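Q: If it helps, the file is called model05.pdb and holds PDB, C-alpha atoms, pLDDT in the B column:
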ATOM      1  CA  MET A 699      -7.613 -20.981   5.360  1.00 38.00           C
ATOM      2  CA  ALA A 700      -8.333 -18.652   2.413  1.00 40.00           C
ATOM      3  CA  VAL A 701      -6.969 -15.698   4.378  1.00 38.00           C
ATOM      4  CA  THR A 702      -3.720 -17.596   5.039  1.00 35.00           C
ATOM      5  CA  VAL A 703      -3.315 -18.375   1.338  1.00 35.00           C
ATOM      6  CA  LEU A 704      -3.918 -14.714   0.441  1.00 34.00           C
ATOM      7  CA  VAL A 705      -1.334 -13.543   2.963  1.00 36.00           C
ATOM      8  CA  ILE A 706       1.238 -16.036   1.659  1.00 36.00           C
ATOM      9  CA  ALA A 707       0.535 -15.007  -1.942  1.00 37.00           C
ATOM     10  CA  ALA A 708       0.901 -11.345  -1.038  1.00 40.00           C
ATOM     11  CA  GLY A 709       4.234 -12.016   0.611  1.00 41.00           C
ATOM     12  CA  ALA A 710       5.494 -13.944  -2.408  1.00 43.00           C
ATOM     13  CA  THR A 711       4.773 -11.202  -4.940  1.00 45.00           C
ATOM     14  CA  GLY A 712       5.009  -8.138  -2.747  1.00 45.00           C
ATOM     15  CA  SER A 713       2.565  -6.347  -5.038  1.00 44.00           C
ATOM     16  CA  LEU A 714      -0.432  -6.426  -2.711  1.00 51.00           C
ATOM     17  CA  ALA A 715       1.519  -4.883   0.169  1.00 58.00           C
ATOM     18  CA  ALA A 716       3.369  -2.212  -1.819  1.00 83.00           C
ATOM     19  CA  GLU A 717       2.538   1.362  -0.909  1.00 94.00           C
ATOM     20  CA  PRO A 718       1.505   3.738  -3.708  1.00 96.00           C
ATOM     21  CA  ILE A 719       4.175   6.095  -4.989  1.00 97.00           C
ATOM     22  CA  VAL A 720       2.691   9.584  -5.087  1.00 97.00           C
ATOM     23  CA  GLY A 721       4.118  12.853  -6.307  1.00 97.00           C
ATOM     24  CA  ARG A 722       4.957  15.068  -9.222  1.00 97.00           C
ATOM     25  CA  ALA A 723       6.452  13.033 -12.057  1.00 97.00           C
ATOM     26  CA  SER A 724       9.151  13.902 -14.518  1.00 96.00           C
ATOM     27  CA  VAL A 725       8.895  12.069 -17.840  1.00 97.00           C
ATOM     28  CA  THR A 726      11.892  10.061 -19.034  1.00 95.00           C
ATOM     29  CA  ASP A 727      10.215   8.714 -22.155  1.00 94.00           C
ATOM     30  CA  GLY A 728       6.747   7.735 -23.334  1.00 96.00           C
ATOM     31  CA  ASP A 729       6.436   4.853 -20.873  1.00 96.00           C
ATOM     32  CA  THR A 730       8.692   5.840 -17.958  1.00 97.00           C
ATOM     33  CA  VAL A 731       8.408   8.506 -15.265  1.00 97.00           C
ATOM     34  CA  VAL A 732      10.416   9.379 -12.161  1.00 97.00           C
ATOM     35  CA  ILE A 733       8.830  10.274  -8.821  1.00 97.00           C
ATOM     36  CA  ARG A 734      11.161  11.119  -5.917  1.00 95.00           C
ATOM     37  CA  ASP A 735      14.126   9.213  -7.406  1.00 95.00           C
ATOM     38  CA  THR A 736      12.009   6.142  -8.222  1.00 97.00           C
ATOM     39  CA  ARG A 737      11.989   5.145 -11.897  1.00 97.00           C
ATOM     40  CA  ILE A 738       8.533   3.848 -12.818  1.00 98.00           C
ATOM     41  CA  ARG A 739       7.671   1.941 -15.989  1.00 97.00           C
ATOM     42  CA  LEU A 740       3.988   2.319 -16.843  1.00 97.00           C
ATOM     43  CA  HIS A 741       2.217  -1.042 -16.706  1.00 97.00           C
ATOM     44  CA  GLY A 742       0.759  -2.124 -20.045  1.00 95.00           C
ATOM     45  CA  ILE A 743       2.415   0.671 -22.057  1.00 94.00           C
ATOM     46  CA  ASP A 744       5.206   0.299 -24.612  1.00 94.00           C
ATOM     47  CA  ALA A 745       6.404   3.511 -26.239  1.00 96.00           C
ATOM     48  CA  PRO A 746       9.443   4.423 -28.323  1.00 95.00           C
ATOM     49  CA  GLU A 747      12.605   5.349 -26.433  1.00 93.00           C
ATOM     50  CA  SER A 748      13.162   9.111 -26.138  1.00 91.00           C
ATOM     51  CA  ALA A 749      15.905   9.201 -28.817  1.00 94.00           C
ATOM     52  CA  GLN A 750      14.148   6.784 -31.195  1.00 96.00           C
ATOM     53  CA  THR A 751      13.135   7.841 -34.699  1.00 97.00           C
ATOM     54  CA  CYS A 752      10.332   6.389 -36.805  1.00 97.00           C
ATOM     55  CA  GLN A 753       8.992   6.914 -40.304  1.00 97.00           C
ATOM     56  CA  ASP A 754       5.638   8.465 -41.094  1.00 95.00           C
ATOM     57  CA  ALA A 755       3.292   7.178 -43.827  1.00 96.00           C
ATOM     58  CA  ALA A 756       5.270   9.112 -46.445  1.00 96.00           C
ATOM     59  CA  GLY A 757       8.537   7.514 -45.332  1.00 96.00           C
ATOM     60  CA  LYS A 758       9.869  10.663 -43.682  1.00 97.00           C
ATOM     61  CA  ASP A 759      11.831  10.228 -40.438  1.00 97.00           C
ATOM     62  CA  TYR A 760      10.502  11.894 -37.318  1.00 96.00           C
ATOM     63  CA  ARG A 761      11.391  11.807 -33.618  1.00 97.00           C
ATOM     64  CA  CYS A 762       8.648   9.470 -32.420  1.00 97.00           C
ATOM     65  CA  GLY A 763      10.342   8.917 -29.062  1.00 97.00           C
ATOM     66  CA  GLN A 764      10.373  12.615 -28.343  1.00 97.00           C
ATOM     67  CA  ALA A 765       6.739  12.888 -29.499  1.00 97.00           C
ATOM     68  CA  ALA A 766       5.713  10.072 -27.135  1.00 97.00           C
ATOM     69  CA  ALA A 767       7.528  11.653 -24.179  1.00 97.00           C
ATOM     70  CA  LEU A 768       5.983  15.061 -24.869  1.00 97.00           C
ATOM     71  CA  ALA A 769       2.500  13.527 -25.171  1.00 96.00           C
ATOM     72  CA  LEU A 770       2.871  11.823 -21.777  1.00 96.00           C
ATOM     73  CA  SER A 771       4.251  15.009 -20.232  1.00 96.00           C
ATOM     74  CA  ASP A 772       1.304  17.003 -21.612  1.00 96.00           C
ATOM     75  CA  ARG A 773      -1.145  14.412 -20.239  1.00 95.00           C
ATOM     76  CA  ILE A 774       0.374  14.498 -16.749  1.00 95.00           C
ATOM     77  CA  GLY A 775       1.072  18.228 -16.634  1.00 94.00           C
ATOM     78  CA  GLU A 776       1.970  19.688 -13.247  1.00 92.00           C
ATOM     79  CA  SER A 777      -0.434  17.463 -11.317  1.00 93.00           C
ATOM     80  CA  PRO A 778       0.759  14.829  -8.878  1.00 96.00           C
ATOM     81  CA  ILE A 779       0.148  11.228  -9.897  1.00 97.00           C
ATOM     82  CA  SER A 780      -0.321   8.076  -7.826  1.00 97.00           C
ATOM     83  CA  CYS A 781       1.359   4.855  -8.958  1.00 97.00           C
ATOM     84  CA  GLU A 782       0.412   1.410  -7.631  1.00 97.00           C
ATOM     85  CA  PRO A 783       3.428  -0.911  -7.955  1.00 98.00           C
ATOM     86  CA  ARG A 784       2.778  -4.252  -9.665  1.00 97.00           C
ATOM     87  CA  ASP A 785       6.236  -5.637 -10.425  1.00 96.00           C
ATOM     88  CA  THR A 786       9.887  -4.816 -11.083  1.00 96.00           C
ATOM     89  CA  ASP A 787      11.289  -5.077 -14.612  1.00 95.00           C
ATOM     90  CA  ARG A 788      14.671  -6.459 -15.692  1.00 94.00           C
ATOM     91  CA  TYR A 789      16.185  -2.964 -15.462  1.00 92.00           C
ATOM     92  CA  GLY A 790      15.164  -2.564 -11.825  1.00 94.00           C
ATOM     93  CA  ARG A 791      12.340  -0.124 -12.539  1.00 95.00           C
ATOM     94  CA  THR A 792       9.100  -0.352 -10.621  1.00 97.00           C
ATOM     95  CA  VAL A 793       6.270  -1.374 -12.963  1.00 98.00           C
ATOM     96  CA  ALA A 794       3.087   0.375 -11.862  1.00 98.00           C
ATOM     97  CA  VAL A 795      -0.399   1.475 -12.815  1.00 97.00           C
ATOM     98  CA  CYS A 796      -0.409   5.260 -12.487  1.00 97.00           C
ATOM     99  CA  ARG A 797      -3.331   7.634 -12.200  1.00 96.00           C
ATOM    100  CA  LYS A 798      -3.813  11.368 -12.375  1.00 94.00           C
ATOM    101  CA  ALA A 799      -6.805  11.930 -10.104  1.00 85.00           C
ATOM    102  CA  ALA A 800      -9.054   8.982 -11.046  1.00 74.00           C
ATOM    103  CA  ARG A 801      -7.801   8.775 -14.629  1.00 69.00           C
ATOM    104  CA  ASN A 802      -5.448   5.915 -15.605  1.00 67.00           C
TER     105      ASN A 802
END
Using structure tokens, write down the structure that the file contains.

A:
Amino acid sequence: MAVTVLVIAAGATGSLAAEPIVGRASVTDGDTVVIRDTRIRLHGIDAPESAQTCQDAAGKDYRCGQAAALALSDRIGESPISCEPRDTDRYGRTVAVCRKAARN
């Protein structure tokens, strides 16, 4: 009985059956990457959009969106990442937990 419920739940969400998306990622912004034409929003992360500006403590504008994208790109580097799909957002992007080796 419990197995049947688990199978039905997996079919309803699709997240348990989704295959990992693996490959070299290109960074779109601080919370979005692309792997093999699949746009992936990082689960649990909200970062400024790539063109967004912010103000520092002194009130000076800076390109925080660009800084966030560069930080993510530096963290990923040239290594392949593996993304486990969890959901799809309102823009049609796959929402996933991504790892570089064992690091989330």

Q: Can you list, as a CSV table (one decimal) with C-alpha atoms, keeping the file's coordinate frame, the residues that the PyMOL selection byres ((chain A and resi 763-774) around 10) selects here?

A:
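Output below, filename expr18.csv:
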chain,number,residue,atom,x,y,z
A,722,ARG,CA,5.0,15.1,-9.2
A,723,ALA,CA,6.5,13.0,-12.1
A,724,SER,CA,9.2,13.9,-14.5
A,725,VAL,CA,8.9,12.1,-17.8
A,726,THR,CA,11.9,10.1,-19.0
A,727,ASP,CA,10.2,8.7,-22.2
A,728,GLY,CA,6.7,7.7,-23.3
A,729,ASP,CA,6.4,4.9,-20.9
A,730,THR,CA,8.7,5.8,-18.0
A,731,VAL,CA,8.4,8.5,-15.3
A,745,ALA,CA,6.4,3.5,-26.2
A,746,PRO,CA,9.4,4.4,-28.3
A,747,GLU,CA,12.6,5.3,-26.4
A,748,SER,CA,13.2,9.1,-26.1
A,749,ALA,CA,15.9,9.2,-28.8
A,750,GLN,CA,14.1,6.8,-31.2
A,751,THR,CA,13.1,7.8,-34.7
A,752,CYS,CA,10.3,6.4,-36.8
A,760,TYR,CA,10.5,11.9,-37.3
A,761,ARG,CA,11.4,11.8,-33.6
A,762,CYS,CA,8.6,9.5,-32.4
A,775,GLY,CA,1.1,18.2,-16.6
A,776,GLU,CA,2.0,19.7,-13.2
A,777,SER,CA,-0.4,17.5,-11.3
A,778,PRO,CA,0.8,14.8,-8.9
A,779,ILE,CA,0.1,11.2,-9.9
A,797,ARG,CA,-3.3,7.6,-12.2
A,798,LYS,CA,-3.8,11.4,-12.4

Q: Could you tell me how far CA of Gly742 in chain A sits from CA of Asp759 in chain A, in Å to one decimal place?

A: 26.3 Å

Q: Between CA of Ile738 in chain A and CA of Ala794 in chain A, what distance in Å does the model show, to one decimal?

A: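 We find that CA of Ile738 in chain A and CA of Ala794 in chain A lie 6.5 Å from each other.
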
Q: CA of Asp787 in chain A to CA of Glu717 in chain A: how many Å, to one decimal?

A: 17.5 Å

Q: Once the PyMOL selection byres ((chain A and resi 791) around 12) has been evaluated on this model, what residues remain selected, and can you format them as a list in words?

A: Asp729, Thr730, Val731, Val732, Ile733, Asp735, Thr736, Arg737, Ile738, Arg739, Leu740, His741, Pro783, Arg784, Asp785, Thr786, Asp787, Arg788, Tyr789, Gly790, Thr792, Val793 and Ala794 of chain A

Q: Under the PyMOL selection byres ((chain A and resi 781) around 6), which residues of this model are included? Write them out as a list in words.

A: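 Here the PyMOL selection byres ((chain A and resi 781) around 6) matches Pro718, Ile719, Ser780, Glu782, Ala794, Val795 and Cys796 of chain A.
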
Q: Export, as a short mmCIF file (atom, residue, chain, number, x, y, z; two decimals), in the coordinates of the input, the selected residues with C-alpha atoms.

A:
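So out.cif came out as:
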data_model
loop_
_atom_site.label_atom_id
_atom_site.label_comp_id
_atom_site.auth_asym_id
_atom_site.auth_seq_id
_atom_site.Cartn_x
_atom_site.Cartn_y
_atom_site.Cartn_z
CA PRO A 718 1.50 3.74 -3.71
CA ILE A 719 4.18 6.10 -4.99
CA SER A 780 -0.32 8.08 -7.83
CA GLU A 782 0.41 1.41 -7.63
CA ALA A 794 3.09 0.38 -11.86
CA VAL A 795 -0.40 1.48 -12.82
CA CYS A 796 -0.41 5.26 -12.49
#

Q: Here is a test: counting only C-alpha atoms, which residue of A:Gly721, A:Ala716, A:Arg734, A:Gln753 is nearest to Ala799 in chain A?

A: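 Checking each of A:Gly721, A:Ala716, A:Arg734, A:Gln753 against Ala799 in chain A, counting only C-alpha atoms, the winner is A:Gly721.
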
Q: I'd like the box whose edges run along x, y and z of the file and which contains every listed atom of range 745-755 of chain A, padded by 6 Å per side; could you state its centre and edge lengths in Å, one decimal, as lines of an AutoDock Vina configuration file?

A:
center_x = 9.6
center_y = 6.4
center_z = -35.0
size_x = 24.6
size_y = 17.7
size_z = 29.7
